[in-house]
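Okay, upload_20.pdb now, which holds PDB, C-alpha atoms and all ligand atoms:
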```
ATOM      1  CA  GLN A   1      36.881  15.621 -18.450  1.00  0.00           C
ATOM      2  CA  LEU A   2      34.860  12.393 -18.678  1.00  0.00           C
ATOM      3  CA  THR A   3      35.384  10.415 -15.478  1.00  0.00           C
ATOM      4  CA  ALA A   4      32.347   8.235 -14.995  1.00  0.00           C
ATOM      5  CA  LEU A   5      29.539   6.438 -16.779  1.00  0.00           C
ATOM      6  CA  LEU A   6      26.156   6.291 -15.065  1.00  0.00           C
ATOM      7  CA  PHE A   7      23.807   3.571 -16.273  1.00  0.00           C
ATOM      8  CA  ASP A   8      20.090   3.083 -16.146  1.00  0.00           C
ATOM      9  CA  VAL A   9      19.219  -0.633 -15.937  1.00  0.00           C
ATOM     10  CA  ASP A  10      15.725  -1.441 -17.217  1.00  0.00           C
ATOM     11  CA  GLY A  11      15.607  -1.083 -20.974  1.00  0.00           C
ATOM     12  CA  THR A  12      19.212   0.139 -21.133  1.00  0.00           C
ATOM     13  CA  LEU A  13      21.466  -2.663 -19.871  1.00  0.00           C
ATOM     14  CA  ALA A  14      18.792  -5.323 -20.405  1.00  0.00           C
ATOM     15  CA  ASP A  15      15.387  -5.601 -22.047  1.00  0.00           C
ATOM     16  CA  THR A  16      13.699  -6.339 -18.757  1.00  0.00           C
ATOM     17  CA  GLU A  17      10.218  -4.946 -19.149  1.00  0.00           C
ATOM     18  CA  ARG A  18       8.173  -6.959 -21.679  1.00  0.00           C
ATOM     19  CA  ASP A  19       9.382 -10.461 -20.794  1.00  0.00           C
ATOM     20  CA  GLY A  20      10.673  -9.794 -17.277  1.00  0.00           C
ATOM     21  CA  HIS A  21       8.875  -7.307 -15.057  1.00  0.00           C
ATOM     22  CA  ARG A  22       5.541  -7.585 -16.916  1.00  0.00           C
ATOM     23  CA  PRO A  23       5.095 -11.376 -16.512  1.00  0.00           C
ATOM     24  CA  ALA A  24       6.384 -11.125 -12.933  1.00  0.00           C
ATOM     25  CA  PHE A  25       3.588  -8.663 -12.106  1.00  0.00           C
ATOM     26  CA  ASN A  26       1.093 -11.035 -13.753  1.00  0.00           C
ATOM     27  CA  LYS A  27       2.370 -13.975 -11.686  1.00  0.00           C
ATOM     28  CA  ALA A  28       1.876 -11.986  -8.490  1.00  0.00           C
ATOM     29  CA  PHE A  29      -1.672 -11.070  -9.491  1.00  0.00           C
ATOM     30  CA  ALA A  30      -2.508 -14.679 -10.418  1.00  0.00           C
ATOM     31  CA  GLU A  31      -1.088 -15.963  -7.137  1.00  0.00           C
ATOM     32  CA  ALA A  32      -3.353 -13.519  -5.286  1.00  0.00           C
ATOM     33  CA  GLY A  33      -6.358 -14.865  -7.197  1.00  0.00           C
ATOM     34  CA  LEU A  34      -6.758 -11.747  -9.344  1.00  0.00           C
ATOM     35  CA  ASP A  35      -7.580 -12.199 -13.031  1.00  0.00           C
ATOM     36  CA  TRP A  36      -5.584  -9.119 -14.048  1.00  0.00           C
ATOM     37  CA  ASP A  37      -3.594  -9.491 -17.245  1.00  0.00           C
ATOM     38  CA  TRP A  38      -1.019  -6.815 -18.042  1.00  0.00           C
ATOM     39  CA  THR A  39      -0.706  -7.357 -21.792  1.00  0.00           C
ATOM     40  CA  VAL A  40       2.262  -6.153 -23.853  1.00  0.00           C
ATOM     41  CA  GLU A  41       0.064  -3.360 -25.196  1.00  0.00           C
ATOM     42  CA  LEU A  42      -1.395  -2.246 -21.858  1.00  0.00           C
ATOM     43  CA  TYR A  43       2.066  -2.304 -20.312  1.00  0.00           C
ATOM     44  CA  ALA A  44       3.216   0.439 -22.722  1.00  0.00           C
ATOM     45  CA  ASP A  45       0.786   2.773 -20.957  1.00  0.00           C
ATOM     46  CA  LEU A  46       1.704   1.458 -17.495  1.00  0.00           C
ATOM     47  CA  LEU A  47       5.384   2.202 -18.205  1.00  0.00           C
ATOM     48  CA  THR A  48       4.592   5.920 -18.188  1.00  0.00           C
ATOM     49  CA  VAL A  49       4.731   5.523 -14.409  1.00  0.00           C
ATOM     50  CA  THR A  50       8.101   4.433 -12.980  1.00  0.00           C
ATOM     51  CA  GLY A  51       8.372   2.208  -9.928  1.00  0.00           C
ATOM     52  CA  GLY A  52       6.530  -1.080  -9.561  1.00  0.00           C
ATOM     53  CA  LYS A  53       4.445  -0.089  -6.537  1.00  0.00           C
ATOM     54  CA  GLU A  54       3.582   3.228  -8.150  1.00  0.00           C
ATOM     55  CA  ARG A  55       2.661   1.389 -11.388  1.00  0.00           C
ATOM     56  CA  ILE A  56       0.241  -0.952  -9.569  1.00  0.00           C
ATOM     57  CA  ARG A  57      -1.497   2.025  -7.970  1.00  0.00           C
ATOM     58  CA  TYR A  58      -1.693   3.841 -11.300  1.00  0.00           C
ATOM     59  CA  PHE A  59      -3.251   0.748 -12.898  1.00  0.00           C
ATOM     60  CA  VAL A  60      -5.901   0.439 -10.202  1.00  0.00           C
ATOM     61  CA  GLU A  61      -6.757   4.141 -10.240  1.00  0.00           C
ATOM     62  CA  LYS A  62      -7.010   4.330 -14.030  1.00  0.00           C
ATOM     63  CA  TYR A  63      -8.443   0.955 -15.027  1.00  0.00           C
ATOM     64  CA  LEU A  64     -10.162  -0.445 -11.920  1.00  0.00           C
ATOM     65  CA  PRO A  65     -11.337   2.581  -9.934  1.00  0.00           C
ATOM     66  CA  ASP A  66     -13.868   0.449  -8.041  1.00  0.00           C
ATOM     67  CA  PHE A  67     -11.288  -2.060  -6.810  1.00  0.00           C
ATOM     68  CA  ALA A  68     -11.171  -1.966  -3.008  1.00  0.00           C
ATOM     69  CA  PRO A  69      -8.596  -4.210  -1.311  1.00  0.00           C
ATOM     70  CA  ALA A  70      -9.082  -5.203   2.328  1.00  0.00           C
ATOM     71  CA  GLU A  71      -5.955  -3.317   3.311  1.00  0.00           C
ATOM     72  CA  SER A  72      -5.006   0.191   2.145  1.00  0.00           C
ATOM     73  CA  ILE A  73      -4.079   0.591  -1.508  1.00  0.00           C
ATOM     74  CA  ALA A  74      -0.489   1.378  -0.466  1.00  0.00           C
ATOM     75  CA  GLU A  75      -0.298  -1.852   1.551  1.00  0.00           C
ATOM     76  CA  PHE A  76      -1.882  -3.798  -1.266  1.00  0.00           C
ATOM     77  CA  ALA A  77       0.610  -2.419  -3.805  1.00  0.00           C
ATOM     78  CA  ALA A  78       3.541  -3.147  -1.490  1.00  0.00           C
ATOM     79  CA  ARG A  79       2.336  -6.722  -0.895  1.00  0.00           C
ATOM     80  CA  MET A  80       1.847  -7.420  -4.607  1.00  0.00           C
ATOM     81  CA  HIS A  81       5.167  -5.819  -5.401  1.00  0.00           C
ATOM     82  CA  LYS A  82       7.026  -7.991  -2.928  1.00  0.00           C
ATOM     83  CA  ARG A  83       5.723 -11.115  -4.652  1.00  0.00           C
ATOM     84  CA  LYS A  84       6.401  -9.599  -8.068  1.00  0.00           C
ATOM     85  CA  THR A  85      10.022  -9.015  -7.043  1.00  0.00           C
ATOM     86  CA  HIS A  86      10.234 -12.631  -5.885  1.00  0.00           C
ATOM     87  CA  PHE A  87       9.067 -13.897  -9.285  1.00  0.00           C
ATOM     88  CA  TYR A  88      11.326 -11.457 -11.139  1.00  0.00           C
ATOM     89  CA  LEU A  89      14.390 -12.542  -9.155  1.00  0.00           C
ATOM     90  CA  GLU A  90      13.521 -16.171  -9.973  1.00  0.00           C
ATOM     91  CA  MET A  91      13.641 -15.315 -13.686  1.00  0.00           C
ATOM     92  CA  LEU A  92      16.983 -13.554 -13.285  1.00  0.00           C
ATOM     93  CA  GLN A  93      18.459 -16.469 -11.363  1.00  0.00           C
ATOM     94  CA  ALA A  94      17.273 -18.858 -14.063  1.00  0.00           C
ATOM     95  CA  GLY A  95      19.265 -16.774 -16.552  1.00  0.00           C
ATOM     96  CA  GLU A  96      16.149 -15.840 -18.504  1.00  0.00           C
ATOM     97  CA  ILE A  97      17.087 -12.181 -18.947  1.00  0.00           C
ATOM     98  CA  PRO A  98      20.298 -11.439 -20.887  1.00  0.00           C
ATOM     99  CA  LEU A  99      22.095  -8.112 -21.198  1.00  0.00           C
ATOM    100  CA  ARG A 100      21.408  -6.135 -24.377  1.00  0.00           C
ATOM    101  CA  VAL A 101      23.800  -6.408 -27.294  1.00  0.00           C
ATOM    102  CA  GLY A 102      26.977  -4.469 -26.534  1.00  0.00           C
ATOM    103  CA  ALA A 103      26.223  -3.732 -22.870  1.00  0.00           C
ATOM    104  CA  GLU A 104      28.926  -6.085 -21.585  1.00  0.00           C
ATOM    105  CA  ARG A 105      31.428  -4.813 -24.174  1.00  0.00           C
ATOM    106  CA  LEU A 106      30.735  -1.196 -23.177  1.00  0.00           C
ATOM    107  CA  ILE A 107      31.121  -1.922 -19.458  1.00  0.00           C
ATOM    108  CA  ARG A 108      34.352  -3.888 -19.945  1.00  0.00           C
ATOM    109  CA  GLU A 109      35.860  -1.275 -22.271  1.00  0.00           C
ATOM    110  CA  ALA A 110      34.941   1.522 -19.862  1.00  0.00           C
ATOM    111  CA  ARG A 111      36.647  -0.332 -17.019  1.00  0.00           C
ATOM    112  CA  ALA A 112      39.722  -0.953 -19.161  1.00  0.00           C
ATOM    113  CA  ALA A 113      39.805   2.782 -19.975  1.00  0.00           C
ATOM    114  CA  GLY A 114      39.788   3.616 -16.258  1.00  0.00           C
ATOM    115  CA  LEU A 115      36.302   5.128 -16.207  1.00  0.00           C
ATOM    116  CA  ARG A 116      34.331   4.927 -12.982  1.00  0.00           C
ATOM    117  CA  LEU A 117      30.924   3.220 -13.118  1.00  0.00           C
ATOM    118  CA  GLY A 118      27.649   3.858 -11.343  1.00  0.00           C
ATOM    119  CA  ILE A 119      24.019   2.862 -11.613  1.00  0.00           C
ATOM    120  CA  ALA A 120      20.970   5.108 -11.301  1.00  0.00           C
ATOM    121  CA  THR A 121      17.730   3.177 -11.601  1.00  0.00           C
ATOM    122  CA  THR A 122      14.160   3.135 -10.441  1.00  0.00           C
ATOM    123  CA  THR A 123      14.021  -0.585  -9.940  1.00  0.00           C
ATOM    124  CA  THR A 124      14.507  -2.505  -6.681  1.00  0.00           C
ATOM    125  CA  PRO A 125      18.196  -2.884  -5.599  1.00  0.00           C
ATOM    126  CA  GLU A 126      18.180  -6.727  -5.613  1.00  0.00           C
ATOM    127  CA  ASN A 127      16.917  -6.662  -9.204  1.00  0.00           C
ATOM    128  CA  VAL A 128      20.160  -4.935 -10.180  1.00  0.00           C
ATOM    129  CA  THR A 129      22.554  -7.145  -8.223  1.00  0.00           C
ATOM    130  CA  TYR A 130      20.843 -10.355  -9.377  1.00  0.00           C
ATOM    131  CA  LEU A 131      20.974  -9.192 -13.006  1.00  0.00           C
ATOM    132  CA  LEU A 132      24.681  -8.349 -12.748  1.00  0.00           C
ATOM    133  CA  LYS A 133      25.455 -11.644 -10.981  1.00  0.00           C
ATOM    134  CA  ALA A 134      23.528 -13.698 -13.529  1.00  0.00           C
ATOM    135  CA  THR A 135      25.060 -11.996 -16.574  1.00  0.00           C
ATOM    136  CA  LEU A 136      28.540 -10.712 -15.672  1.00  0.00           C
ATOM    137  CA  GLY A 137      29.304 -12.801 -12.601  1.00  0.00           C
ATOM    138  CA  GLU A 138      29.383 -12.246  -8.859  1.00  0.00           C
ATOM    139  CA  GLU A 139      32.448  -9.982  -8.975  1.00  0.00           C
ATOM    140  CA  SER A 140      30.793  -7.488 -11.353  1.00  0.00           C
ATOM    141  CA  ILE A 141      28.736  -5.954  -8.547  1.00  0.00           C
ATOM    142  CA  ALA A 142      31.924  -4.387  -7.216  1.00  0.00           C
ATOM    143  CA  TRP A 143      32.684  -2.821 -10.609  1.00  0.00           C
ATOM    144  CA  PHE A 144      29.951  -0.293  -9.814  1.00  0.00           C
ATOM    145  CA  GLU A 145      30.946   2.170  -7.102  1.00  0.00           C
ATOM    146  CA  CYS A 146      27.357   3.103  -6.468  1.00  0.00           C
ATOM    147  CA  ILE A 147      24.141   1.222  -7.174  1.00  0.00           C
ATOM    148  CA  ALA A 148      21.501   3.894  -6.626  1.00  0.00           C
ATOM    149  CA  ALA A 149      18.147   2.150  -6.850  1.00  0.00           C
ATOM    150  CA  GLY A 150      14.496   2.029  -5.904  1.00  0.00           C
ATOM    151  CA  ASP A 151      13.137   3.789  -2.844  1.00  0.00           C
ATOM    152  CA  ILE A 152      16.507   5.268  -1.810  1.00  0.00           C
ATOM    153  CA  VAL A 153      15.161   8.567  -3.096  1.00  0.00           C
ATOM    154  CA  PRO A 154      11.485   9.365  -2.556  1.00  0.00           C
ATOM    155  CA  LYS A 155      11.017  10.958  -5.983  1.00  0.00           C
ATOM    156  CA  LYS A 156      11.647   8.440  -8.764  1.00  0.00           C
ATOM    157  CA  LYS A 157      12.429   9.214 -12.407  1.00  0.00           C
ATOM    158  CA  PRO A 158      11.595  11.534 -14.195  1.00  0.00           C
ATOM    159  CA  ALA A 159      12.820  13.481 -11.135  1.00  0.00           C
ATOM    160  CA  PRO A 160      16.617  14.025 -11.203  1.00  0.00           C
ATOM    161  CA  ASP A 161      17.023  12.781  -7.610  1.00  0.00           C
ATOM    162  CA  ILE A 162      18.429   9.292  -8.303  1.00  0.00           C
ATOM    163  CA  TYR A 163      21.173  10.665 -10.577  1.00  0.00           C
ATOM    164  CA  GLU A 164      21.953  13.442  -8.110  1.00  0.00           C
ATOM    165  CA  TYR A 165      22.179  10.842  -5.340  1.00  0.00           C
ATOM    166  CA  ALA A 166      24.572   8.661  -7.363  1.00  0.00           C
ATOM    167  CA  MET A 167      26.809  11.632  -8.219  1.00  0.00           C
ATOM    168  CA  GLN A 168      26.824  12.783  -4.612  1.00  0.00           C
ATOM    169  CA  GLN A 169      27.799   9.286  -3.430  1.00  0.00           C
ATOM    170  CA  MET A 170      30.597   9.133  -5.986  1.00  0.00           C
ATOM    171  CA  GLY A 171      31.766  12.720  -5.449  1.00  0.00           C
ATOM    172  CA  LEU A 172      31.135  13.674  -9.071  1.00  0.00           C
ATOM    173  CA  GLU A 173      29.928  16.761 -10.899  1.00  0.00           C
ATOM    174  CA  PRO A 174      27.583  16.382 -13.897  1.00  0.00           C
ATOM    175  CA  GLU A 175      30.305  17.620 -16.302  1.00  0.00           C
ATOM    176  CA  GLU A 176      32.414  14.560 -15.406  1.00  0.00           C
ATOM    177  CA  CYS A 177      29.681  12.058 -16.249  1.00  0.00           C
ATOM    178  CA  LEU A 178      27.866  10.506 -19.156  1.00  0.00           C
ATOM    179  CA  ALA A 179      24.460   8.936 -18.565  1.00  0.00           C
ATOM    180  CA  PHE A 180      22.953   6.018 -20.488  1.00  0.00           C
ATOM    181  CA  GLU A 181      19.176   5.826 -20.783  1.00  0.00           C
ATOM    182  CA  ASP A 182      16.431   4.245 -22.853  1.00  0.00           C
ATOM    183  CA  SER A 183      13.219   6.118 -22.146  1.00  0.00           C
ATOM    184  CA  ASP A 184      11.391   9.408 -21.859  1.00  0.00           C
ATOM    185  CA  ASN A 185      11.242   9.226 -18.050  1.00  0.00           C
ATOM    186  CA  GLY A 186      14.906   8.255 -18.013  1.00  0.00           C
ATOM    187  CA  ILE A 187      16.205  11.115 -20.121  1.00  0.00           C
ATOM    188  CA  ARG A 188      14.007  13.618 -18.330  1.00  0.00           C
ATOM    189  CA  SER A 189      15.661  12.465 -15.104  1.00  0.00           C
ATOM    190  CA  SER A 190      19.244  12.511 -16.406  1.00  0.00           C
ATOM    191  CA  THR A 191      18.969  15.841 -18.209  1.00  0.00           C
ATOM    192  CA  ALA A 192      17.246  17.435 -15.205  1.00  0.00           C
ATOM    193  CA  ALA A 193      20.399  16.369 -13.331  1.00  0.00           C
ATOM    194  CA  ASN A 194      22.390  18.233 -16.052  1.00  0.00           C
ATOM    195  CA  LEU A 195      23.865  15.049 -17.479  1.00  0.00           C
ATOM    196  CA  LYS A 196      24.918  14.568 -21.075  1.00  0.00           C
ATOM    197  CA  THR A 197      22.960  11.481 -22.114  1.00  0.00           C
ATOM    198  CA  VAL A 198      23.299   8.693 -24.644  1.00  0.00           C
ATOM    199  CA  VAL A 199      20.039   6.897 -25.427  1.00  0.00           C
ATOM    200  CA  THR A 200      19.687   3.314 -26.631  1.00  0.00           C
ATOM    201  CA  VAL A 201      16.115   2.677 -27.737  1.00  0.00           C
ATOM    202  CA  ASN A 202      13.976  -0.458 -27.448  1.00  0.00           C
ATOM    203  CA  ASP A 203      10.546  -1.478 -28.688  1.00  0.00           C
ATOM    204  CA  TYR A 204       8.721   0.338 -25.893  1.00  0.00           C
ATOM    205  CA  THR A 205      10.696   3.575 -26.216  1.00  0.00           C
ATOM    206  CA  ARG A 206      11.552   3.949 -29.932  1.00  0.00           C
ATOM    207  CA  ASP A 207       8.988   6.734 -30.414  1.00  0.00           C
ATOM    208  CA  HIS A 208       9.755   8.702 -27.242  1.00  0.00           C
ATOM    209  CA  ASP A 209      11.057  12.273 -27.503  1.00  0.00           C
ATOM    210  CA  PHE A 210      14.845  12.166 -27.275  1.00  0.00           C
ATOM    211  CA  SER A 211      15.512  15.710 -28.491  1.00  0.00           C
ATOM    212  CA  LYS A 212      17.648  16.340 -25.383  1.00  0.00           C
ATOM    213  CA  ALA A 213      19.936  13.355 -26.026  1.00  0.00           C
ATOM    214  CA  ALA A 214      23.550  13.830 -27.103  1.00  0.00           C
ATOM    215  CA  LEU A 215      23.251  10.658 -29.145  1.00  0.00           C
ATOM    216  CA  VAL A 216      20.523   8.107 -29.865  1.00  0.00           C
ATOM    217  CA  VAL A 217      21.463   4.598 -31.014  1.00  0.00           C
ATOM    218  CA  ASP A 218      19.510   1.399 -31.599  1.00  0.00           C
ATOM    219  CA  GLN A 219      21.845  -0.644 -29.352  1.00  0.00           C
ATOM    220  CA  PHE A 220      25.373  -0.387 -27.928  1.00  0.00           C
ATOM    221  CA  GLY A 221      26.845  -2.647 -30.591  1.00  0.00           C
ATOM    222  CA  GLU A 222      29.412  -5.411 -30.842  1.00  0.00           C
ATOM    223  CA  ALA A 223      32.252  -5.811 -33.334  1.00  0.00           C
ATOM    224  CA  ASP A 224      30.085  -8.115 -35.450  1.00  0.00           C
ATOM    225  CA  ALA A 225      26.821  -6.247 -34.782  1.00  0.00           C
ATOM    226  CA  PRO A 226      27.467  -2.494 -34.990  1.00  0.00           C
ATOM    227  CA  PHE A 227      24.991   0.057 -33.636  1.00  0.00           C
ATOM    228  CA  THR A 228      23.053   2.431 -35.862  1.00  0.00           C
ATOM    229  CA  VAL A 229      22.968   6.134 -35.005  1.00  0.00           C
ATOM    230  CA  LEU A 230      19.346   7.325 -34.985  1.00  0.00           C
ATOM    231  CA  GLN A 231      20.021  10.898 -33.887  1.00  0.00           C
ATOM    232  CA  GLY A 232      23.142  12.972 -33.248  1.00  0.00           C
ATOM    233  CA  ASP A 233      26.770  12.335 -34.132  1.00  0.00           C
ATOM    234  CA  ALA A 234      28.733   9.453 -32.594  1.00  0.00           C
ATOM    235  CA  GLY A 235      31.928  11.540 -32.882  1.00  0.00           C
ATOM    236  CA  THR A 236      30.771  14.199 -30.388  1.00  0.00           C
TER     237      THR A 236
HETATM  238  C1  LIG A 301      12.326   1.244 -14.460  1.00  0.00           C
HETATM  239  C2  LIG A 301      11.096   1.184 -13.675  1.00  0.00           C
HETATM  240  C3  LIG A 301      10.894   0.069 -12.724  1.00  0.00           C
HETATM  241  C4  LIG A 301      10.707  -1.272 -13.398  1.00  0.00           C
HETATM  242  C5  LIG A 301      10.168  -2.304 -12.445  1.00  0.00           C
HETATM  243  O1  LIG A 301      12.487   2.559 -14.990  1.00  0.00           O
HETATM  244  O2  LIG A 301      10.265   2.058 -13.779  1.00  0.00           O
HETATM  245  O3  LIG A 301       9.752   0.354 -11.969  1.00  0.00           O
HETATM  246  O4  LIG A 301       9.795  -1.140 -14.460  1.00  0.00           O
HETATM  247  O5  LIG A 301      10.972  -2.434 -11.318  1.00  0.00           O
HETATM  248  P1  LIG A 301      13.929   3.150 -15.338  1.00  0.00           P
HETATM  249  P2  LIG A 301      10.355  -2.381  -9.835  1.00  0.00           P
HETATM  250  O6  LIG A 301      14.549   2.244 -16.369  1.00  0.00           O
HETATM  251  O7  LIG A 301      13.638   4.510 -15.925  1.00  0.00           O
HETATM  252  O8  LIG A 301      14.742   3.231 -14.070  1.00  0.00           O
HETATM  253  O9  LIG A 301       9.101  -3.186  -9.849  1.00  0.00           O
HETATM  254  O10 LIG A 301      11.426  -2.969  -8.952  1.00  0.00           O
HETATM  255  O11 LIG A 301      10.074  -0.937  -9.532  1.00  0.00           O
HETATM  256 MG    MG A 302      15.071   2.514 -18.332  1.00  0.00          MG
END
```
Take the structure I supplied and represent it as structure tokens, if you would.
Ligand code: XBP
Ligand code: MG
Amino acid sequence: QLTALLFDVDGTLADTERDGHRPAFNKAFAEAGLDWDWTVELYADLLTVTGGKERIRYFVEKYLPDFAPAESIAEFAARMHKRKTHFYLEMLQAGEIPLRVGAERLIREARAAGLRLGIATTTTPENVTYLLKATLGEESIAWFECIAAGDIVPKKKPAPDIYEYAMQQMGLEPEECLAFEDSDNGIRSSTAANLKTVVTVNDYTRDHDFSKAALVVDQFGEADAPFTVLQGDAGT
């Protein structure tokens, strides 16, 4: 019996990475006087690591092994990430990041059908609430019973922990839920939590392995812009 929909945020509800998180990281680096430029191409590799702080550390270790900040690398990453979040929230508040096609329709139809809603994401909690506020309005935050985000679990996606946390908070079993994801790390996380998963791809994730997905689509679709099924059967 389907009771609840559990949503990833980045890449699933909104295309946040290329023109949102990525430039926000670059602004933080520039502000700190660093000439680091996370290009669209480089960022595809950096996205293999989830979590902004974790991504900064991965970048330094892989591409700038000789970089030695005055503070510890963990402190450096946390400091950069705080500024990155500031710049990202500014973009959200300015309305620069819309929801993906069909995301609002899906959420509204699910609510109308009496389904419960939750969020399971790697990103920082404020990034989720600001996105919802900016796109669906202040009241939409309360549509989601649980916003499981960021450091609330120590092991980020692809670990199943964030989905398990959301289900535990909502008193749900995996069989009652459907997860929505966009990426390899995302579907590894949701399926490790035993969740049936629908994938909506984007430019960064189109070529990921979605063999474990129940359904793969190009977008959620609107009446005048239907989705295309890339894998699986929309009837199941
Ligand atoms: C999202 C992430 C996040 C964002 C950046 O992955 O990995 O780290 O890229 O947000 P998913 P923060 O969609 O699989 O949850 O900088 O706040 O971490
Ligand atoms: Mg995602």
- Task: Pick out the closest residue to ligand LIG 301 (chain A) from this set: A:Phe59, A:Phe25, A:Phe76, A:Phe227. Count all atoms listed in the file.
- Result: A:Phe25
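Remark: for ligand MG 302 (chain A), the closest of the candidate residues A:Tyr204, A:Tyr63, A:Phe87, A:Phe220 is A:Tyr204 (distances computed over all atoms listed in the file).
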Can you build me a table of chain A residues sitting at most 10 Å from ligand MG 302 (chain A), with the closest atom pair per residue and its distance in Å to one decimal, using all atoms listed in the file, sorted by chain and residue number, as a tab-separated table?
```
residue	atom	partner	partner_atom	distance
A:Phe7	CA	A:MG302	MG	9.0
A:Asp8	CA	A:MG302	MG	5.5
A:Val9	CA	A:MG302	MG	5.7
A:Asp10	CA	A:MG302	MG	4.2
A:Gly11	CA	A:MG302	MG	4.5
A:Thr12	CA	A:MG302	MG	5.5
A:Leu13	CA	A:MG302	MG	8.4
A:Ala14	CA	A:MG302	MG	8.9
A:Asp15	CA	A:MG302	MG	8.9
A:Thr16	CA	A:MG302	MG	9.0
A:Glu17	CA	A:MG302	MG	8.9
A:Leu47	CA	A:MG302	MG	9.7
A:Thr50	CA	A:MG302	MG	9.0
A:Ala120	CA	A:MG302	MG	9.5
A:Thr121	CA	A:MG302	MG	7.3
A:Thr122	CA	A:MG302	MG	8.0
A:Thr123	CA	A:MG302	MG	9.0
A:Lys157	CA	A:MG302	MG	9.3
A:Phe180	CA	A:MG302	MG	8.9
A:Glu181	CA	A:MG302	MG	5.8
A:Asp182	CA	A:MG302	MG	5.0
A:Ser183	CA	A:MG302	MG	5.6
A:Asp184	CA	A:MG302	MG	8.6
A:Asn185	CA	A:MG302	MG	7.7
A:Gly186	CA	A:MG302	MG	5.8
A:Ile187	CA	A:MG302	MG	8.9
A:Val199	CA	A:MG302	MG	9.7
A:Thr200	CA	A:MG302	MG	9.5
A:Val201	CA	A:MG302	MG	9.5
A:Asn202	CA	A:MG302	MG	9.7
A:Thr205	CA	A:MG302	MG	9.1
```
Around all the atoms of ligand LIG 301 (chain A) listed in the file, draw an axis-aligned box and extend it by 4 Å on each of the six sides; I want its centre and edge lengths in Å to one decimal, as lines of an AutoDock Vina configuration file.
```
center_x = 11.9
center_y = 0.7
center_z = -12.7
size_x = 13.6
size_y = 15.7
size_z = 15.4
```
- Message: Which residues are close to Lys27 (chain A), i.e. within 10 Å by only C-alpha atoms, leaving aside same-chain residues fewer than 5 positions away? Reply as a ChimeraX atom specification.
- Response: /A:21-22,32-34,36-37,80,83-84,86-88
- For Thr48 (chain A), the nearest of the candidates A:His208, A:Ala30, A:Thr191, A:Ile97, counting all atoms listed in the file: A:His208
- Just give me the residues with any atom within 6 Å of (19.8, 8.1, -8.5), file coordinates, counting only C-alpha atoms, written as a VMD selection string. chain A and resid 120 148 161 to 166
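In this comparison, which uses all atoms listed in the file, the residue of A:Val153, A:Ala179, A:Ala24, A:Ala213 approaching His81 (chain A) most closely is A:Ala24.
The residue set within 9 Å of Ser140 (chain A), counting all atoms listed in the file and dropping same-chain residues fewer than 6 places from it, reads Thr129, Leu132 and Lys133 of chain A.
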- Between CA of Lys53 (chain A) and atom O7 of ligand LIG 301 (chain A), what is the distance, to one decimal in Å? 13.9 Å
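The gap separating CA of Trp143 (chain A) from CA of Ala110 (chain A) is 10.5 Å, in Å to one decimal.
Each of A:Lys212, A:Arg79, A:Lys62, A:Arg108 was compared to ligand LIG 301 (chain A) using all atoms listed in the file, and A:Arg79 turns out to be the nearest.
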- Message: I'd like the contact shell of Ser189 (chain A) - 7 Å cut-off, only C-alpha atoms, skipping same-chain residues fewer than 5 positions apart - returned as a ChimeraX atom specification.
- Response: /A:157-160
- Task: Using the chain letters and numbering of this document, enumerate as a PyMOL selection string the residues selected by the PyMOL selection byres (((chain A and resi 5) around 6) and not hetatm).
- Result: chain A and resi 4+6+117+177-179
- Message: For the provided coordinates, the residues matched by the PyMOL selection byres (((chain A and resi 74) around 12) and not hetatm) should be stated as a VMD selection string.
- Response: chain A and resid 52 to 58 60 to 61 68 to 73 75 to 81
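Reported to one decimal place, the separation of CA of Pro23 (chain A) from CA of Ala94 (chain A) is 14.5 Å.
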- Note on the structure: Of A:Ala113, A:Val49, A:Ala193, A:Leu106, the one nearest to ligand LIG 301 (chain A) when counting all atoms listed in the file is A:Val49
I need the output of the PyMOL selection byres (((chain A and resi 102) around 10) and not hetatm) for this file as a tab-separated table (two decimals) with C-alpha atoms, in the coordinates of the input; which residues are they?
```tsv
chain	number	residue	atom	x	y	z
A	13	LEU	CA	21.47	-2.66	-19.87
A	99	LEU	CA	22.10	-8.11	-21.20
A	100	ARG	CA	21.41	-6.14	-24.38
A	101	VAL	CA	23.80	-6.41	-27.29
A	103	ALA	CA	26.22	-3.73	-22.87
A	104	GLU	CA	28.93	-6.08	-21.58
A	105	ARG	CA	31.43	-4.81	-24.17
A	106	LEU	CA	30.74	-1.20	-23.18
A	107	ILE	CA	31.12	-1.92	-19.46
A	108	ARG	CA	34.35	-3.89	-19.94
A	219	GLN	CA	21.84	-0.64	-29.35
A	220	PHE	CA	25.37	-0.39	-27.93
A	221	GLY	CA	26.84	-2.65	-30.59
A	222	GLU	CA	29.41	-5.41	-30.84
A	223	ALA	CA	32.25	-5.81	-33.33
A	225	ALA	CA	26.82	-6.25	-34.78
A	226	PRO	CA	27.47	-2.49	-34.99
A	227	PHE	CA	24.99	0.06	-33.64
```
